[in-house]
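Peer 1: The structure's right below; bear with me while I get my questions together.
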Amino acid sequence: MSRPAEALVVFTPSGRRGRFPVGTTVLQAARSLGVDVDSVCGGRGICGRCQVQLSEGDFAKHGITSRAQHLSAVSSAETELTASSVLRAGRRLGCSALLEGDVVIDVPADSQVHRQVVRKRAEVHDIELDPVVRLYYVDVQQPDMHDPAGDLRRVEEALEFEWRLEGLRCDLRVIQSLQSALRAGDWKVTVAVHNDNEIVSVWPGFRDRVFGVAVDVGSTTIAAHLCNMSTGEVVAASGVMNPQIRFGEDLMSRVSYVQMNPGSEEQLTAVVREAVNQLVRDVAAEAGVTQEEILDITLVGNPIMHHLLLGISPVELGVAPFALATDGAVRVWASELGIELNSDARAYVLPCVAGHVGADTAGVVLSEAPHLRDAITLVVDVGTNAEIVLGNRDRLLAASSPTGPAFEGAQISSGQRAAPGAIERVRIDPQTLEPRIRIIGSEHWSDEPEFAADAARLGVTGICGSGIIEAVAEMYLAGVLRSDGIVRGEAAAQSPRIIADGRTFSYLLHDGAQRILVTQNDVRAIQLAKAALYAGIRLLMDQLRVDSVDSIRLAGAFGSHIDVKYAMVLGLIPDCELEHVTSAGNAAGTGARIALLDRKARDEIEDVVRRIEKVETAVEPRFQAHFVDAMAIPHRTASFPNLAKTVTFPPRHAGEGNDSGEPRRRRRVRAP
Ligand code: FES
């Protein structure tokens, strides 16, 4: 039978099809049809990135009978890559397999350059892998006496000829290492190109991996994700405490430290950079990656962390009008930030939104994408300052609210950070007022027999942020607390758990080696924090002219551990259907990872941040009124119809308020 002159090839899943002369490689056919197939080695059978799978059978829809023998025989390059487990069973190299008949070719997701990697955002839109640094393997023409072109020109010509990369720039430090790389690699080199327009590194021979690291610089912890820039995979992740804590627990005390010790910002900058370096060393070691292989870093952080990391004094952020040194994204060499990666690595710091709303919120926005949704979405990142974003694709607003550290267990008599032994879950029987608790590190409630052994092993050491939220909310639901936050002394007749404490009363949550009480002052601290948060949210709702929100996403560590029902019972957040209130996890860190893996996301977030309307809660006259109303549990006037479907609110008690739930006299309170 005579060989056909042409073969029809159909690519799945794209559905692109075309006829090509027999002998064309599958990779060439894919390229000419615009089908996305990866390659680093340029079709030399080295990198193994161009893997495809032939689909065998009769495809009536395409009018094709696709057979294995319609591709050329397995090449030696394929045999080698199969032996080294690079080429997976049943697959062919697109650059080795020649078309010899009609075929249907599937391009697996891991062979596509622009593949979806961060699935978190899939409900809104896919995140494509489109890393800012890509590798290109090229054969460079050797110089001779008749061609006086410099070595850099030869590399540029090879990149233009093989990869159609034009108008490339190059830094002096790359030129300094270029000639030795070319000669060491026998004129075959791998070139790392940043953003398709700048040569950032040249290595002798073939290389197929390059890494980037995404870092979330929090005021308490710093977290890093090391990613393979070619696959999008997170190869290692780790976190450390922010060593700046020794200069002050919270942000404002660190700013005060700098104010009182002129020049000390350099110390704070040095320790945070060293912590980032240590973290990078840790994740690189864990993944077996050298720092020289890391060519890009993205960073997020609140405005004060952002400034200190960049070596900018945060003093202006401590006083009105809270002026940022820059609200734009920062693109620099990583070495300019003292971060030890490849000497040619770049750093990208996401833009800050406003003086109190930082690059961490930009990361949250990138991850949560409220600007792409129709639904009115509220995103809250609760820390010492709550950062709040509200809106949808039409309009987006942001503010921060001074919640203080109560939600992190500070300012609470038995408060502590979330650590083994801390009470994290609380239930109170409304009849007997007896509590049940759970501690971090134990799976058992305190009324289960196994709890005693866990408590003896771990201790019951205090209450963490999520524990105090549940304790206060359960005290309210059980009738221990009035809606104005007063611990009801009358209940002392009902239960020995209510203990007189001077002129006020406390609730005895745990009576062990350590007595753990929820005092009137504890309840007050939580009320102040939650009222500040709610008032900030309400201010944004006023500005957006909405009375309800469609969905609520709670970001950050606190948002991950808190039980959303109790957050709503306390009135931290407005009423919403409970199934639409969810944790967003470390959304700021995810945003940094998106900016690392998808260079288009950088333009996207810069554009969105410019369009976000910034609301300054400190100067808004209505903030105080909202704050006072929000001191009540769950709120003085707002109704919670969705919450009422799942929770039975306690009856109002005498003196607590009128029939509408309104207290008779407003307490004198001021926002923190
Ligand atoms: S393109 Fe590198 S092996 Fe095919």
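In the structure tokens, the first chain shown is A, the next is B, and so on; residue numbers restart at 1 for each chain, and ligands run from 1 in the order shown.
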What are the DSSP helix (DSSP H, G or I) residues of range 401-434 of chain A, as a PyMOL selection string?

Peer 2: chain A and resi 405-408

Peer 1: Keeping only C-alpha atoms, write the selected residues as a CSV table (one decimal), in the first residue's frame.

Peer 2:
chain,number,residue,atom,x,y,z
A,405,PRO,CA,-5.1,41.6,69.4
A,406,ALA,CA,-8.1,40.2,71.5
A,407,PHE,CA,-9.0,37.7,68.7
A,408,GLU,CA,-5.5,36.3,69.0

Peer 1: Dump as a tab-separated table the rows for residues of range 306-352 of chain A within 12 Å of range 280-286 of chain A: closest atom pair and distance in Å with one decimal, only C-alpha atoms counted, ordered by chain and rising residue number.

Peer 2:
residue	atom	partner	partner_atom	distance
A:Ile339	CA	A:Val280	CA	8.8
A:Glu340	CA	A:Val280	CA	8.2
A:Leu341	CA	A:Val280	CA	8.2
A:Asn342	CA	A:Val280	CA	11.7

Peer 1: Output the neighbourhood of ligand 1 as an MDAnalysis selection string, that is, all protein and nucleic acid residues with some atom at most 6 Å from the ligand, counting only C-alpha atoms and all ligand atoms.

Peer 2: chainID A and resid 39:50 93:95

Peer 1: Those residues you just picked out, can you put them in a file as a PDB file, in the first residue's frame with N, CA and C atoms?

Peer 2:
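Ended up saving to part.pdb:
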ATOM      1  N   SER A  39       7.930  22.874  25.774  1.00  0.00           N
ATOM      2  CA  SER A  39       9.253  22.437  25.321  1.00  0.00           C
ATOM      3  C   SER A  39      10.297  23.357  25.933  1.00  0.00           C
ATOM      4  N   VAL A  40      11.386  22.776  26.378  1.00  0.00           N
ATOM      5  CA  VAL A  40      12.519  23.602  26.819  1.00  0.00           C
ATOM      6  C   VAL A  40      13.681  23.398  25.852  1.00  0.00           C
ATOM      7  N   CYS A  41      13.802  22.154  25.324  1.00  0.00           N
ATOM      8  CA  CYS A  41      14.987  21.829  24.524  1.00  0.00           C
ATOM      9  C   CYS A  41      14.805  22.158  23.045  1.00  0.00           C
ATOM     10  N   GLY A  42      13.631  22.673  22.688  1.00  0.00           N
ATOM     11  CA  GLY A  42      13.431  23.071  21.300  1.00  0.00           C
ATOM     12  C   GLY A  42      13.329  21.890  20.359  1.00  0.00           C
ATOM     13  N   GLY A  43      12.834  20.748  20.835  1.00  0.00           N
ATOM     14  CA  GLY A  43      12.600  19.604  19.954  1.00  0.00           C
ATOM     15  C   GLY A  43      13.807  18.711  19.783  1.00  0.00           C
ATOM     16  N   ARG A  44      14.731  18.754  20.740  1.00  0.00           N
ATOM     17  CA  ARG A  44      15.944  17.935  20.602  1.00  0.00           C
ATOM     18  C   ARG A  44      15.833  16.592  21.325  1.00  0.00           C
ATOM     19  N   GLY A  45      14.680  16.291  21.861  1.00  0.00           N
ATOM     20  CA  GLY A  45      14.511  14.995  22.529  1.00  0.00           C
ATOM     21  C   GLY A  45      15.232  14.901  23.856  1.00  0.00           C
ATOM     22  N   ILE A  46      15.443  16.041  24.523  1.00  0.00           N
ATOM     23  CA  ILE A  46      16.186  16.027  25.787  1.00  0.00           C
ATOM     24  C   ILE A  46      15.274  16.282  26.984  1.00  0.00           C
ATOM     25  N   CYS A  47      14.360  17.259  26.842  1.00  0.00           N
ATOM     26  CA  CYS A  47      13.667  17.759  28.044  1.00  0.00           C
ATOM     27  C   CYS A  47      12.474  16.899  28.472  1.00  0.00           C
ATOM     28  N   GLY A  48      11.866  16.189  27.549  1.00  0.00           N
ATOM     29  CA  GLY A  48      10.724  15.341  27.894  1.00  0.00           C
ATOM     30  C   GLY A  48       9.450  16.119  28.190  1.00  0.00           C
ATOM     31  N   ARG A  49       9.423  17.385  27.824  1.00  0.00           N
ATOM     32  CA  ARG A  49       8.250  18.208  28.141  1.00  0.00           C
ATOM     33  C   ARG A  49       7.120  18.070  27.125  1.00  0.00           C
ATOM     34  N   CYS A  50       7.434  17.545  25.934  1.00  0.00           N
ATOM     35  CA  CYS A  50       6.471  17.596  24.835  1.00  0.00           C
ATOM     36  C   CYS A  50       5.653  16.302  24.743  1.00  0.00           C
ATOM     37  N   LEU A  93       7.098  11.281  22.562  1.00  0.00           N
ATOM     38  CA  LEU A  93       7.609  12.652  22.543  1.00  0.00           C
ATOM     39  C   LEU A  93       7.066  13.324  21.287  1.00  0.00           C
ATOM     40  N   GLY A  94       6.444  14.458  21.458  1.00  0.00           N
ATOM     41  CA  GLY A  94       5.898  15.174  20.304  1.00  0.00           C
ATOM     42  C   GLY A  94       6.970  15.546  19.298  1.00  0.00           C
ATOM     43  N   CYS A  95       8.205  15.753  19.805  1.00  0.00           N
ATOM     44  CA  CYS A  95       9.262  16.176  18.882  1.00  0.00           C
ATOM     45  C   CYS A  95       9.934  15.000  18.187  1.00  0.00           C
TER      46      CYS A  95
END

Peer 1: Give the strand (DSSP E or B) residues of range 1-222 of chain A, as DSSP finds them on the backbone, and put them as a ChimeraX atom specification.

Peer 2: /A:6-12,17-21,25,51-55,57-59,64-66,71,92-93,98-99,103-106,116,128,130,133-139,144,147,169-170,188-194,198-204,211-217,221-222

Peer 1: So which one's closest to Leu378 in chain A, A:Phe505, A:Tyr476, A:Phe640, A:Tyr534? Using only C-alpha atoms, please.

Peer 2: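 Of A:Phe505, A:Tyr476, A:Phe640, A:Tyr534, the one nearest Leu378 in chain A is A:Tyr534, counting only C-alpha atoms.
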
Peer 1: Using only C-alpha atoms, which of A:Ile423, A:Val234, A:Ala557, A:Ala83 sits nearest Thr220 in chain A?

Peer 2: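 Looking only at the distances to Thr220 in chain A, the closest residue turns out to be A:Ala557.
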
Peer 1: Skipping near chain neighbours, those fewer than 3 positions away, what residues fall within 6 Å of range 444-461 of chain A using only C-alpha atoms, listed as an NGL selection string?

Peer 2: :A and (421-422 or 436-438)

Peer 1: Keeping N, CA, C and O atoms, export the residues of the selection given above as a PDB file, in the first residue's frame.

Peer 2:
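What landed in result.pdb:
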ATOM      1  N   GLY A 421      -3.009  22.384  74.144  1.00  0.00           N
ATOM      2  CA  GLY A 421      -3.468  22.678  75.502  1.00  0.00           C
ATOM      3  C   GLY A 421      -4.418  23.861  75.574  1.00  0.00           C
ATOM      4  O   GLY A 421      -5.101  24.053  76.577  1.00  0.00           O
ATOM      5  N   ALA A 422      -4.478  24.653  74.507  1.00  0.00           N
ATOM      6  CA  ALA A 422      -5.370  25.824  74.527  1.00  0.00           C
ATOM      7  C   ALA A 422      -6.807  25.382  74.240  1.00  0.00           C
ATOM      8  O   ALA A 422      -7.041  24.532  73.372  1.00  0.00           O
ATOM      9  N   ARG A 436     -18.700  22.187  78.174  1.00  0.00           N
ATOM     10  CA  ARG A 436     -17.875  21.114  77.613  1.00  0.00           C
ATOM     11  C   ARG A 436     -16.812  21.832  76.801  1.00  0.00           C
ATOM     12  O   ARG A 436     -17.127  22.823  76.117  1.00  0.00           O
ATOM     13  N   ILE A 437     -15.579  21.361  76.877  1.00  0.00           N
ATOM     14  CA  ILE A 437     -14.522  22.040  76.119  1.00  0.00           C
ATOM     15  C   ILE A 437     -13.717  21.021  75.313  1.00  0.00           C
ATOM     16  O   ILE A 437     -13.745  19.824  75.600  1.00  0.00           O
ATOM     17  N   ARG A 438     -13.024  21.558  74.319  1.00  0.00           N
ATOM     18  CA  ARG A 438     -12.005  20.761  73.628  1.00  0.00           C
ATOM     19  C   ARG A 438     -10.727  21.574  73.578  1.00  0.00           C
ATOM     20  O   ARG A 438     -10.779  22.802  73.457  1.00  0.00           O
TER      21      ARG A 438
END

Peer 1: At a cut-off of 12 Å, can you tabulate as a Markdown table every residue of range 297-367 of chain A near range 592-604 of chain A together with its closest atom pair and the distance in Å to one decimal, using only C-alpha atoms and ordering rows by chain then number?

Peer 2:
| residue | atom | partner | partner_atom | distance |
| --- | --- | --- | --- | --- |
| A:Ile297 | CA | A:Leu596 | CA | 7.0 |
| A:Thr298 | CA | A:Ala592 | CA | 5.7 |
| A:Leu299 | CA | A:Ala592 | CA | 6.0 |
| A:Val300 | CA | A:Ala592 | CA | 6.2 |
| A:Gly301 | CA | A:Ala592 | CA | 9.7 |
| A:Gly328 | CA | A:Asp603 | CA | 11.1 |
| A:Ala329 | CA | A:Arg602 | CA | 8.5 |
| A:Val330 | CA | A:Arg602 | CA | 10.7 |
| A:Arg331 | CA | A:Arg602 | CA | 10.6 |
| A:Arg346 | CA | A:Leu596 | CA | 10.8 |
| A:Ala347 | CA | A:Leu596 | CA | 9.7 |
| A:Tyr348 | CA | A:Leu596 | CA | 8.3 |
| A:Val349 | CA | A:Ala592 | CA | 8.6 |
| A:Leu350 | CA | A:Ala592 | CA | 7.7 |
| A:Pro351 | CA | A:Arg602 | CA | 9.4 |
| A:Ala359 | CA | A:Ala592 | CA | 9.3 |
| A:Asp360 | CA | A:Ala592 | CA | 8.4 |
| A:Thr361 | CA | A:Ala592 | CA | 10.5 |
| A:Ala362 | CA | A:Ala592 | CA | 8.9 |
| A:Gly363 | CA | A:Ala592 | CA | 5.8 |
| A:Val364 | CA | A:Ala592 | CA | 8.8 |
| A:Val365 | CA | A:Glu604 | CA | 10.4 |
| A:Leu366 | CA | A:Ile594 | CA | 7.5 |
| A:Ser367 | CA | A:Ile594 | CA | 7.3 |

Peer 1: Just the residues within 12 Å of Val319 in chain A, please, counting only C-alpha atoms, with nothing from its chain fewer than 2 positions along; format it as JSON, numbers by chain.

Peer 2: {"A": [252, 255, 256, 259, 314, 315, 316, 317, 321, 322, 323, 324, 355, 356, 618]}

Peer 1: How about saving the chosen residues, all heavy atoms kept, as a compact mmCIF listing (two decimals), in the first residue's frame?

Peer 2:
# COMPACT_ATOMS: atom_id res chain seq x y z
N MET A 252 1.89 48.25 65.81
CA MET A 252 2.07 49.61 66.25
C MET A 252 3.20 49.72 67.27
O MET A 252 3.90 50.71 67.32
CB MET A 252 0.76 50.18 66.82
CG MET A 252 -0.29 50.50 65.77
SD MET A 252 0.35 51.13 64.18
CE MET A 252 0.95 52.73 64.63
N VAL A 255 6.27 50.06 65.31
CA VAL A 255 6.41 51.42 64.78
C VAL A 255 6.88 52.35 65.91
O VAL A 255 7.77 53.18 65.72
CB VAL A 255 5.08 51.92 64.16
CG1 VAL A 255 5.20 53.38 63.73
CG2 VAL A 255 4.70 51.05 62.97
N SER A 256 6.29 52.17 67.10
CA SER A 256 6.71 53.01 68.24
C SER A 256 8.19 52.80 68.53
O SER A 256 8.91 53.75 68.83
CB SER A 256 5.94 52.65 69.51
OG SER A 256 4.59 52.67 69.27
N GLN A 259 10.03 54.79 66.20
CA GLN A 259 9.90 56.22 66.51
C GLN A 259 10.82 56.61 67.68
O GLN A 259 11.44 57.65 67.66
CB GLN A 259 8.44 56.54 66.89
CG GLN A 259 7.55 56.68 65.67
CD GLN A 259 6.07 56.63 66.03
OE1 GLN A 259 5.68 56.10 67.07
NE2 GLN A 259 5.24 57.18 65.16
N PRO A 314 8.78 52.82 58.61
CA PRO A 314 7.31 52.76 58.69
C PRO A 314 6.71 53.91 59.50
O PRO A 314 5.52 53.90 59.78
CB PRO A 314 7.08 51.43 59.41
CG PRO A 314 8.25 51.32 60.33
CD PRO A 314 9.41 52.00 59.65
N VAL A 315 7.53 54.89 59.88
CA VAL A 315 7.07 55.93 60.80
C VAL A 315 5.84 56.67 60.26
O VAL A 315 4.88 56.92 60.99
CB VAL A 315 8.23 56.90 61.11
CG1 VAL A 315 7.73 58.18 61.77
CG2 VAL A 315 9.23 56.21 62.05
N GLU A 316 5.83 56.97 58.97
CA GLU A 316 4.69 57.70 58.40
C GLU A 316 3.39 56.89 58.47
O GLU A 316 2.30 57.45 58.44
CB GLU A 316 4.96 58.07 56.93
CG GLU A 316 6.05 59.10 56.73
CD GLU A 316 5.77 60.40 57.48
OE1 GLU A 316 4.58 60.78 57.59
OE2 GLU A 316 6.72 61.02 57.98
N LEU A 317 3.52 55.57 58.57
CA LEU A 317 2.32 54.73 58.63
C LEU A 317 1.72 54.71 60.04
O LEU A 317 0.63 54.20 60.24
CB LEU A 317 2.66 53.29 58.21
CG LEU A 317 3.13 53.15 56.77
CD1 LEU A 317 3.68 51.74 56.52
CD2 LEU A 317 2.00 53.44 55.80
N PRO A 321 -1.71 61.22 57.97
CA PRO A 321 -2.71 60.48 57.18
C PRO A 321 -2.24 59.11 56.71
O PRO A 321 -2.74 58.61 55.73
CB PRO A 321 -2.92 61.41 55.99
CG PRO A 321 -1.57 62.04 55.78
CD PRO A 321 -0.94 62.17 57.13
N PHE A 322 -1.32 58.46 57.42
CA PHE A 322 -0.88 57.09 57.14
C PHE A 322 -0.37 56.94 55.68
O PHE A 322 -0.85 56.10 54.92
CB PHE A 322 -2.00 56.08 57.42
CG PHE A 322 -2.71 56.33 58.71
CD1 PHE A 322 -4.01 56.83 58.75
CD2 PHE A 322 -2.06 56.10 59.92
CE1 PHE A 322 -4.64 57.10 59.95
CE2 PHE A 322 -2.69 56.35 61.14
CZ PHE A 322 -3.99 56.86 61.15
N ALA A 323 0.58 57.82 55.35
CA ALA A 323 1.04 57.87 53.96
C ALA A 323 1.99 56.73 53.64
O ALA A 323 2.98 56.50 54.35
CB ALA A 323 1.74 59.20 53.71
N LEU A 324 1.68 56.03 52.55
CA LEU A 324 2.57 54.98 52.04
C LEU A 324 3.70 55.63 51.25
O LEU A 324 3.48 56.65 50.58
CB LEU A 324 1.81 54.08 51.07
CG LEU A 324 0.74 53.13 51.62
CD1 LEU A 324 -0.17 52.68 50.49
CD2 LEU A 324 1.39 51.93 52.29
N GLY A 355 -2.86 53.01 53.38
CA GLY A 355 -1.96 53.08 54.53
C GLY A 355 -2.17 51.98 55.56
O GLY A 355 -1.26 51.62 56.28
N HIS A 356 -3.41 51.45 55.64
CA HIS A 356 -3.68 50.37 56.60
C HIS A 356 -4.03 49.07 55.90
O HIS A 356 -4.37 48.08 56.55
CB HIS A 356 -4.87 50.73 57.50
CG HIS A 356 -4.48 51.60 58.65
ND1 HIS A 356 -3.35 51.38 59.38
CD2 HIS A 356 -5.08 52.69 59.18
CE1 HIS A 356 -3.27 52.30 60.32
NE2 HIS A 356 -4.29 53.10 60.22
N ALA A 618 -10.96 55.74 60.32
CA ALA A 618 -10.63 56.67 61.41
C ALA A 618 -11.29 58.03 61.23
O ALA A 618 -11.60 58.70 62.20
CB ALA A 618 -9.12 56.83 61.51

Peer 1: Quick one: residues within 8 Å of Gly23 in chain A, only C-alpha atoms counted, chain neighbours fewer than 6 positions away excluded, as a list in words?

Peer 2: Leu98, Leu99 and Glu100 of chain A

Peer 1: Counting only C-alpha atoms, which of A:Glu606, A:Asp110, A:Asp563, A:Asp139 gets nearest to Arg183 in chain A?

Peer 2: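 Nearest candidate to Arg183 in chain A out of A:Glu606, A:Asp110, A:Asp563, A:Asp139: A:Asp139.
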
Peer 1: Measuring between only C-alpha atoms, which one of A:Asp484, A:Asp102, A:Asp522, A:Glu470 shows the shortest distance to Glu56 in chain A?

Peer 2: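 Under the stated criterion, the closest residue is A:Asp102.
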
Peer 1: Tell me, as a list of chain:residue names, which residues lie within 7 Å of Thr269 in chain A, counting only C-alpha atoms; anything in the same chain fewer than 4 positions away does not count.

Peer 2: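 Result of the neighbour search: A:Glu265, A:Arg273, A:Leu308, A:Leu309, A:Gly311.
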
Peer 1: Go ahead and write the selection's residues with all heavy atoms as a CSV table (one decimal), in the first residue's frame.

Peer 2:
chain,number,residue,atom,x,y,z
A,265,GLU,N,15.0,51.2,62.3
A,265,GLU,CA,14.3,50.5,61.2
A,265,GLU,C,15.3,49.6,60.5
A,265,GLU,O,14.9,48.5,59.9
A,265,GLU,CB,13.6,51.5,60.3
A,265,GLU,CG,14.5,52.4,59.5
A,265,GLU,CD,14.7,53.7,60.3
A,265,GLU,OE1,14.6,53.7,61.5
A,265,GLU,OE2,15.0,54.7,59.6
A,273,ARG,N,14.6,40.3,56.8
A,273,ARG,CA,15.3,39.8,55.6
A,273,ARG,C,16.0,38.5,55.9
A,273,ARG,O,16.0,37.5,55.1
A,273,ARG,CB,16.2,40.8,55.0
A,273,ARG,CG,15.5,42.0,54.3
A,273,ARG,CD,16.4,43.0,53.8
A,273,ARG,NE,15.7,44.0,53.1
A,273,ARG,CZ,16.3,45.1,52.5
A,273,ARG,NH1,17.6,45.2,52.6
A,273,ARG,NH2,15.6,46.0,51.9
A,308,LEU,N,9.1,47.8,55.9
A,308,LEU,CA,10.3,47.3,56.6
A,308,LEU,C,11.1,46.3,55.7
A,308,LEU,O,12.3,46.4,55.7
A,308,LEU,CB,10.0,46.7,58.0
A,308,LEU,CG,9.6,47.7,59.0
A,308,LEU,CD1,9.0,47.0,60.3
A,308,LEU,CD2,10.8,48.6,59.5
A,309,LEU,N,10.4,45.5,55.0
A,309,LEU,CA,11.1,44.5,54.1
A,309,LEU,C,11.9,45.3,53.0
A,309,LEU,O,13.0,44.9,52.7
A,309,LEU,CB,10.1,43.6,53.5
A,309,LEU,CG,10.6,42.6,52.6
A,309,LEU,CD1,11.2,41.4,53.4
A,309,LEU,CD2,9.6,42.1,51.6
A,311,GLY,N,13.1,48.2,53.3
A,311,GLY,CA,14.1,49.1,53.9
A,311,GLY,C,13.5,50.5,54.0
A,311,GLY,O,14.3,51.5,53.9

Peer 1: Give me, please, the distance in Å between CA of Ser560 in chain A and CA of Ser401 in chain A, quoted to one decimal.

Peer 2: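 Computed distance, CA of Ser560 in chain A to CA of Ser401 in chain A, equals 19.3 Å.
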